[in-house]
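A.B. asks: So that you have it, the file is model.pdb, and it contains PDB, N, CA and C atoms:
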```
ATOM      1  N   MET A  29     -28.529-266.649-105.205
ATOM      2  CA  MET A  29     -27.651-267.087-104.146
ATOM      3  C   MET A  29     -27.406-265.918-103.189
ATOM      4  N   LEU A  30     -27.251-266.238-101.953
ATOM      5  CA  LEU A  30     -27.009-265.233-100.913
ATOM      6  C   LEU A  30     -25.507-265.167-100.637
ATOM      7  N   ARG A  31     -24.791-264.435-101.498
ATOM      8  CA  ARG A  31     -23.325-264.387-101.403
ATOM      9  C   ARG A  31     -22.835-263.848-100.064
ATOM     10  N   ASN A  32     -23.474-262.800 -99.563
ATOM     11  CA  ASN A  32     -23.020-262.217 -98.300
ATOM     12  C   ASN A  32     -23.213-263.198 -97.145
ATOM     13  N   LEU A  33     -24.340-263.889 -97.138
ATOM     14  CA  LEU A  33     -24.577-264.888 -96.099
ATOM     15  C   LEU A  33     -23.510-265.973 -96.166
ATOM     16  N   LYS A  34     -23.247-266.488 -97.361
ATOM     17  CA  LYS A  34     -22.249-267.545 -97.507
ATOM     18  C   LYS A  34     -20.856-267.055 -97.100
ATOM     19  N   ALA A  35     -20.523-265.812 -97.459
ATOM     20  CA  ALA A  35     -19.218-265.258 -97.095
ATOM     21  C   ALA A  35     -19.099-265.111 -95.582
ATOM     22  N   GLU A  36     -20.144-264.621 -94.935
ATOM     23  CA  GLU A  36     -20.118-264.451 -93.482
ATOM     24  C   GLU A  36     -20.099-265.803 -92.767
ATOM     25  N   MET A  37     -20.763-266.783 -93.331
ATOM     26  CA  MET A  37     -20.704-268.134 -92.760
ATOM     27  C   MET A  37     -19.266-268.624 -92.778
ATOM     28  N   ALA A  38     -18.578-268.441 -93.902
ATOM     29  CA  ALA A  38     -17.184-268.880 -94.024
ATOM     30  C   ALA A  38     -16.287-268.105 -93.054
ATOM     31  N   ARG A  39     -16.453-266.777 -92.990
ATOM     32  CA  ARG A  39     -15.623-265.944 -92.111
ATOM     33  C   ARG A  39     -15.791-266.297 -90.639
ATOM     34  N   ASN A  40     -17.012-266.648 -90.270
ATOM     35  CA  ASN A  40     -17.330-266.870 -88.865
ATOM     36  C   ASN A  40     -17.409-268.339 -88.471
ATOM     37  N   GLY A  41     -17.067-269.230 -89.375
ATOM     38  CA  GLY A  41     -17.089-270.659 -89.072
ATOM     39  C   GLY A  41     -18.479-271.205 -88.806
ATOM     40  N   VAL A  42     -19.465-270.623 -89.469
ATOM     41  CA  VAL A  42     -20.850-271.071 -89.314
ATOM     42  C   VAL A  42     -21.140-272.111 -90.392
ATOM     43  N   SER A  43     -21.513-273.295 -89.961
ATOM     44  CA  SER A  43     -21.790-274.381 -90.904
ATOM     45  C   SER A  43     -23.266-274.386 -91.315
ATOM     46  N   THR A  44     -23.524-275.086 -92.405
ATOM     47  CA  THR A  44     -24.907-275.273 -92.843
ATOM     48  C   THR A  44     -25.702-275.977 -91.751
ATOM     49  N   GLU A  45     -25.054-276.881 -91.042
ATOM     50  CA  GLU A  45     -25.720-277.602 -89.963
ATOM     51  C   GLU A  45     -26.168-276.646 -88.847
ATOM     52  N   MET A  46     -25.371-275.625 -88.582
ATOM     53  CA  MET A  46     -25.750-274.642 -87.565
ATOM     54  C   MET A  46     -26.980-273.851 -88.020
ATOM     55  N   VAL A  47     -27.014-273.469 -89.290
ATOM     56  CA  VAL A  47     -28.179-272.765 -89.839
ATOM     57  C   VAL A  47     -29.383-273.691 -89.811
ATOM     58  N   MET A  48     -29.176-274.951 -90.158
ATOM     59  CA  MET A  48     -30.235-275.942 -90.154
ATOM     60  C   MET A  48     -30.853-276.061 -88.756
ATOM     61  N   THR A  49     -30.019-276.063 -87.733
ATOM     62  CA  THR A  49     -30.503-276.153 -86.354
ATOM     63  C   THR A  49     -31.325-274.925 -85.985
ATOM     64  N   VAL A  50     -30.847-273.756 -86.370
ATOM     65  CA  VAL A  50     -31.568-272.512 -86.069
ATOM     66  C   VAL A  50     -32.941-272.515 -86.738
ATOM     67  N   LEU A  51     -32.981-272.959 -87.984
ATOM     68  CA  LEU A  51     -34.242-272.953 -88.726
ATOM     69  C   LEU A  51     -35.153-274.124 -88.383
ATOM     70  N   GLY A  52     -34.569-275.208 -87.901
ATOM     71  CA  GLY A  52     -35.377-276.399 -87.640
ATOM     72  C   GLY A  52     -35.847-277.052 -88.928
ATOM     73  N   LYS A  53     -35.019-276.943 -89.977
ATOM     74  CA  LYS A  53     -35.357-277.505 -91.290
ATOM     75  C   LYS A  53     -34.369-278.616 -91.633
ATOM     76  N   SER A  54     -34.700-279.371 -92.666
ATOM     77  CA  SER A  54     -33.807-280.445 -93.121
ATOM     78  C   SER A  54     -32.574-279.853 -93.785
ATOM     79  N   ASP A  55     -31.567-280.692 -93.971
ATOM     80  CA  ASP A  55     -30.340-280.267 -94.630
ATOM     81  C   ASP A  55     -30.631-279.763 -96.040
ATOM     82  N   LYS A  56     -31.402-280.515 -96.804
ATOM     83  CA  LYS A  56     -31.707-280.132 -98.191
ATOM     84  C   LYS A  56     -32.465-278.812 -98.234
ATOM     85  N   THR A  57     -33.462-278.650 -97.400
ATOM     86  CA  THR A  57     -34.241-277.405 -97.378
ATOM     87  C   THR A  57     -33.352-276.220 -97.023
ATOM     88  N   THR A  58     -32.491-276.404 -96.038
ATOM     89  CA  THR A  58     -31.585-275.330 -95.627
ATOM     90  C   THR A  58     -30.640-274.959 -96.756
ATOM     91  N   ARG A  59     -30.054-275.945 -97.407
ATOM     92  CA  ARG A  59     -29.144-275.672 -98.528
ATOM     93  C   ARG A  59     -29.876-274.991 -99.681
ATOM     94  N   ASP A  60     -31.105-275.420 -99.960
ATOM     95  CA  ASP A  60     -31.892-274.788-101.023
ATOM     96  C   ASP A  60     -32.170-273.324-100.700
ATOM     97  N   LYS A  61     -32.439-273.009 -99.450
ATOM     98  CA  LYS A  61     -32.694-271.620 -99.054
ATOM     99  C   LYS A  61     -31.424-270.780 -99.180
ATOM    100  N   ILE A  62     -30.301-271.308 -98.719
ATOM    101  CA  ILE A  62     -29.035-270.584 -98.799
ATOM    102  C   ILE A  62     -28.622-270.353-100.250
ATOM    103  N   ASN A  63     -28.891-271.322-101.108
ATOM    104  CA  ASN A  63     -28.497-271.234-102.518
ATOM    105  C   ASN A  63     -29.533-270.550-103.396
ATOM    106  N   GLY A  64     -30.629-270.082-102.795
ATOM    107  CA  GLY A  64     -31.643-269.355-103.547
ATOM    108  C   GLY A  64     -32.554-270.218-104.383
ATOM    109  N   LYS A  65     -32.553-271.523-104.140
ATOM    110  CA  LYS A  65     -33.424-272.425-104.893
ATOM    111  C   LYS A  65     -34.843-272.464-104.334
ATOM    112  N   SER A  66     -34.999-272.043-103.077
ATOM    113  CA  SER A  66     -36.327-271.907-102.492
ATOM    114  C   SER A  66     -36.352-270.635-101.656
ATOM    115  N   SER A  67     -37.537-270.168-101.369
ATOM    116  CA  SER A  67     -37.707-268.890-100.679
ATOM    117  C   SER A  67     -37.240-268.948 -99.232
ATOM    118  N   LEU A  68     -36.615-267.868 -98.825
ATOM    119  CA  LEU A  68     -36.237-267.685 -97.431
ATOM    120  C   LEU A  68     -37.165-266.614 -96.888
ATOM    121  N   TYR A  69     -37.976-266.957 -95.926
ATOM    122  CA  TYR A  69     -38.944-266.023 -95.370
ATOM    123  C   TYR A  69     -38.275-265.045 -94.412
ATOM    124  N   LEU A  70     -38.882-263.885 -94.245
ATOM    125  CA  LEU A  70     -38.343-262.861 -93.358
ATOM    126  C   LEU A  70     -38.138-263.409 -91.954
ATOM    127  N   SER A  71     -39.080-264.171 -91.451
ATOM    128  CA  SER A  71     -38.955-264.730 -90.100
ATOM    129  C   SER A  71     -37.737-265.656 -90.004
ATOM    130  N   GLU A  72     -37.454-266.400 -91.075
ATOM    131  CA  GLU A  72     -36.282-267.281 -91.098
ATOM    132  C   GLU A  72     -34.998-266.462 -91.151
ATOM    133  N   ALA A  73     -34.989-265.416 -91.975
ATOM    134  CA  ALA A  73     -33.817-264.548 -92.063
ATOM    135  C   ALA A  73     -33.519-263.911 -90.713
ATOM    136  N   MET A  74     -34.549-263.491 -90.022
ATOM    137  CA  MET A  74     -34.370-262.873 -88.705
ATOM    138  C   MET A  74     -33.828-263.876 -87.701
ATOM    139  N   LYS A  75     -34.292-265.112 -87.753
ATOM    140  CA  LYS A  75     -33.770-266.154 -86.858
ATOM    141  C   LYS A  75     -32.285-266.379 -87.085
ATOM    142  N   ILE A  76     -31.895-266.476 -88.359
ATOM    143  CA  ILE A  76     -30.484-266.697 -88.699
ATOM    144  C   ILE A  76     -29.642-265.522 -88.221
ATOM    145  N   ARG A  77     -30.066-264.326 -88.555
ATOM    146  CA  ARG A  77     -29.311-263.141 -88.159
ATOM    147  C   ARG A  77     -29.200-263.032 -86.643
ATOM    148  N   ASP A  78     -30.314-263.167 -85.944
ATOM    149  CA  ASP A  78     -30.316-263.007 -84.483
ATOM    150  C   ASP A  78     -29.459-264.061 -83.783
ATOM    151  N   ALA A  79     -29.499-265.289 -84.271
ATOM    152  CA  ALA A  79     -28.780-266.379 -83.611
ATOM    153  C   ALA A  79     -27.297-266.435 -83.993
ATOM    154  N   LEU A  80     -26.980-266.098 -85.237
ATOM    155  CA  LEU A  80     -25.627-266.350 -85.731
ATOM    156  C   LEU A  80     -24.837-265.106 -86.146
ATOM    157  N   PHE A  81     -25.536-264.027 -86.497
ATOM    158  CA  PHE A  81     -24.869-262.817 -86.993
ATOM    159  C   PHE A  81     -25.513-261.552 -86.417
ATOM    160  N   PRO A  82     -25.580-261.420 -85.111
ATOM    161  CA  PRO A  82     -26.334-260.303 -84.513
ATOM    162  C   PRO A  82     -25.793-258.915 -84.844
ATOM    163  N   GLY A  83     -24.550-258.796 -85.267
ATOM    164  CA  GLY A  83     -23.986-257.491 -85.583
ATOM    165  C   GLY A  83     -24.217-257.030 -87.013
ATOM    166  N   LEU A  84     -24.871-257.848 -87.828
ATOM    167  CA  LEU A  84     -25.049-257.528 -89.241
ATOM    168  C   LEU A  84     -26.501-257.185 -89.553
ATOM    169  N   SER A  85     -26.680-256.341 -90.560
ATOM    170  CA  SER A  85     -28.039-255.965 -90.957
ATOM    171  C   SER A  85     -28.651-257.045 -91.841
ATOM    172  N   LEU A  86     -29.957-257.138 -91.799
ATOM    173  CA  LEU A  86     -30.670-258.070 -92.679
ATOM    174  C   LEU A  86     -30.423-257.707 -94.136
ATOM    175  N   GLU A  87     -30.424-256.406 -94.431
ATOM    176  CA  GLU A  87     -30.241-255.946 -95.806
ATOM    177  C   GLU A  87     -28.915-256.438 -96.385
ATOM    178  N   TYR A  88     -27.849-256.335 -95.601
ATOM    179  CA  TYR A  88     -26.542-256.790 -96.067
ATOM    180  C   TYR A  88     -26.493-258.310 -96.159
ATOM    181  N   LEU A  89     -26.862-258.957 -95.090
ATOM    182  CA  LEU A  89     -26.693-260.398 -94.979
ATOM    183  C   LEU A  89     -27.481-261.162 -96.046
ATOM    184  N   PHE A  90     -28.658-260.680 -96.368
ATOM    185  CA  PHE A  90     -29.544-261.409 -97.282
ATOM    186  C   PHE A  90     -29.741-260.711 -98.618
ATOM    187  N   GLN A  91     -28.787-259.872 -99.003
ATOM    188  CA  GLN A  91     -28.825-259.225-100.309
ATOM    189  C   GLN A  91     -28.688-260.303-101.375
ATOM    190  N   THR A  92     -29.564-260.253-102.367
ATOM    191  CA  THR A  92     -29.508-261.244-103.438
ATOM    192  C   THR A  92     -28.593-260.771-104.554
ATOM    193  N   ASP A  93     -28.183-261.692-105.384
ATOM    194  CA  ASP A  93     -27.281-261.389-106.500
ATOM    195  C   ASP A  93     -27.836-260.327-107.434
ATOM    196  N   ASN A  94     -29.157-260.330-107.609
ATOM    197  CA  ASN A  94     -29.749-259.401-108.565
ATOM    198  C   ASN A  94     -30.078-258.037-107.961
ATOM    199  N   ALA A  95     -29.769-257.827-106.678
ATOM    200  CA  ALA A  95     -29.975-256.514-106.061
ATOM    201  C   ALA A  95     -28.825-255.599-106.446
ATOM    202  N   SER A  96     -29.139-254.330-106.692
ATOM    203  CA  SER A  96     -28.067-253.407-107.053
ATOM    204  C   SER A  96     -27.609-252.603-105.883
TER     205      SER A  96
END
```
Mind turning this structure into structure tokens?

C.D. replies:
Amino acid sequence: MLRNLKAEMARNGVSTEMVMTVLGKSDKTTRDKINGKSSLYLSEAMKIRDALFPGLSLEYLFQTDNAS
């Protein structure tokens, strides 16, 4: 799961639907990517960051639970 992404979404009022629009993916696919059930590609991470969180680093925003 991408805890930092989910936390920043909550802090900034960013909905799953907004991420879905940025990615051009279905609701289920978007939720699976956010929850770590399917892969999030670098190009997708960059789209999300650039469109919705331009002040944050990719490393922070997309840090996985198992990263130390």

A.B. asks: Which residues, written as JSON, numbers by chain, have at least one atom at most 6.5 Å from A:Gln91, with all atoms listed in the file counted and residues fewer than 6 positions away on the same chain left out?

C.D. replies: {"A": [29, 30, 31, 32, 33]}

A.B. asks: If you measure from atom C of A:Glu87 to atom CA of A:Ala73, what distance in Å do you get, rounded to one decimal?

C.D. replies: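 A separation of 10.4 Å between them.
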
A.B. asks: Could you give me the axis-aligned bounding box of stretch 66-82 of chain A, with 8 Å of padding per side, as centre plus edge lengths in Å to one decimal, as AutoDock Vina command-line options?

C.D. replies:
```
--center_x -32.0 --center_y -265.5 --center_z -93.3 --size_x 30.2 --size_y 29.1 --size_z 35.5
```

A.B. asks: Quote the spacing between atom C of A:Asp93 and atom CA of A:Val50 in Å to one decimal place.

C.D. replies: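 One can read the atom C of A:Asp93 to atom CA of A:Val50 distance as 24.9 Å.
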
A.B. asks: Using only C-alpha atoms, find the one residue out of A:Pro82, A:Phe90, A:Gly41, A:Thr58 that sits nearest to A:Leu70.

C.D. replies: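 Comparing A:Pro82, A:Phe90, A:Gly41, A:Thr58 against A:Leu70, the winner is A:Phe90.
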
A.B. asks: Hey, what's within 12 Å of A:Met46 if we count only C-alpha atoms and toss same-chain stuff fewer than 5 positions away? As a PyMOL selection string, please?

C.D. replies: chain A and resi 37+40-41+51-55+58-59+75-76+79-81

A.B. asks: To one decimal place in Å, what is the distance between atom CA of A:Ala38 and atom CA of A:Lys61?

C.D. replies: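 For atom CA of A:Ala38 relative to atom CA of A:Lys61, the distance reads 16.5 Å.
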
A.B. asks: Report the residues of chain A whose backbone DSSP state falls under helix (DSSP H, G or I), written as number ranges by chain.

C.D. replies: A: 31-40, 44-51, 55-62, 70-80, 86-89

A.B. asks: Give me stretch 29-41 of chain A with N, CA, C and O atoms filled in, as an mmCIF file, keeping the file's coordinate frame.

C.D. replies:
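Contents of result36.cif, freshly written:
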```
data_model
loop_
_atom_site.group_PDB
_atom_site.id
_atom_site.type_symbol
_atom_site.label_atom_id
_atom_site.label_comp_id
_atom_site.auth_asym_id
_atom_site.auth_seq_id
_atom_site.Cartn_x
_atom_site.Cartn_y
_atom_site.Cartn_z
ATOM 1 N N MET A 29 -28.529 -266.649 -105.205
ATOM 2 C CA MET A 29 -27.651 -267.087 -104.146
ATOM 3 C C MET A 29 -27.406 -265.918 -103.189
ATOM 4 O O MET A 29 -27.350 -264.772 -103.605
ATOM 5 N N LEU A 30 -27.251 -266.238 -101.953
ATOM 6 C CA LEU A 30 -27.009 -265.233 -100.913
ATOM 7 C C LEU A 30 -25.507 -265.167 -100.637
ATOM 8 O O LEU A 30 -25.017 -265.742 -99.679
ATOM 9 N N ARG A 31 -24.791 -264.435 -101.498
ATOM 10 C CA ARG A 31 -23.325 -264.387 -101.403
ATOM 11 C C ARG A 31 -22.835 -263.848 -100.064
ATOM 12 O O ARG A 31 -21.860 -264.349 -99.513
ATOM 13 N N ASN A 32 -23.474 -262.800 -99.563
ATOM 14 C CA ASN A 32 -23.020 -262.217 -98.300
ATOM 15 C C ASN A 32 -23.213 -263.198 -97.145
ATOM 16 O O ASN A 32 -22.345 -263.325 -96.279
ATOM 17 N N LEU A 33 -24.340 -263.889 -97.138
ATOM 18 C CA LEU A 33 -24.577 -264.888 -96.099
ATOM 19 C C LEU A 33 -23.510 -265.973 -96.166
ATOM 20 O O LEU A 33 -22.903 -266.325 -95.145
ATOM 21 N N LYS A 34 -23.247 -266.488 -97.361
ATOM 22 C CA LYS A 34 -22.249 -267.545 -97.507
ATOM 23 C C LYS A 34 -20.856 -267.055 -97.100
ATOM 24 O O LYS A 34 -20.104 -267.780 -96.456
ATOM 25 N N ALA A 35 -20.523 -265.812 -97.459
ATOM 26 C CA ALA A 35 -19.218 -265.258 -97.095
ATOM 27 C C ALA A 35 -19.099 -265.111 -95.582
ATOM 28 O O ALA A 35 -18.064 -265.449 -94.989
ATOM 29 N N GLU A 36 -20.144 -264.621 -94.935
ATOM 30 C CA GLU A 36 -20.118 -264.451 -93.482
ATOM 31 C C GLU A 36 -20.099 -265.803 -92.767
ATOM 32 O O GLU A 36 -19.462 -265.944 -91.723
ATOM 33 N N MET A 37 -20.763 -266.783 -93.331
ATOM 34 C CA MET A 37 -20.704 -268.134 -92.760
ATOM 35 C C MET A 37 -19.266 -268.624 -92.778
ATOM 36 O O MET A 37 -18.773 -269.153 -91.772
ATOM 37 N N ALA A 38 -18.578 -268.441 -93.902
ATOM 38 C CA ALA A 38 -17.184 -268.880 -94.024
ATOM 39 C C ALA A 38 -16.287 -268.105 -93.054
ATOM 40 O O ALA A 38 -15.451 -268.694 -92.369
ATOM 41 N N ARG A 39 -16.453 -266.777 -92.990
ATOM 42 C CA ARG A 39 -15.623 -265.944 -92.111
ATOM 43 C C ARG A 39 -15.791 -266.297 -90.639
ATOM 44 O O ARG A 39 -14.852 -266.192 -89.863
ATOM 45 N N ASN A 40 -17.012 -266.648 -90.270
ATOM 46 C CA ASN A 40 -17.330 -266.870 -88.865
ATOM 47 C C ASN A 40 -17.409 -268.339 -88.471
ATOM 48 O O ASN A 40 -17.799 -268.658 -87.352
ATOM 49 N N GLY A 41 -17.067 -269.230 -89.375
ATOM 50 C CA GLY A 41 -17.089 -270.659 -89.072
ATOM 51 C C GLY A 41 -18.479 -271.205 -88.806
ATOM 52 O O GLY A 41 -18.652 -272.129 -88.014
#
```
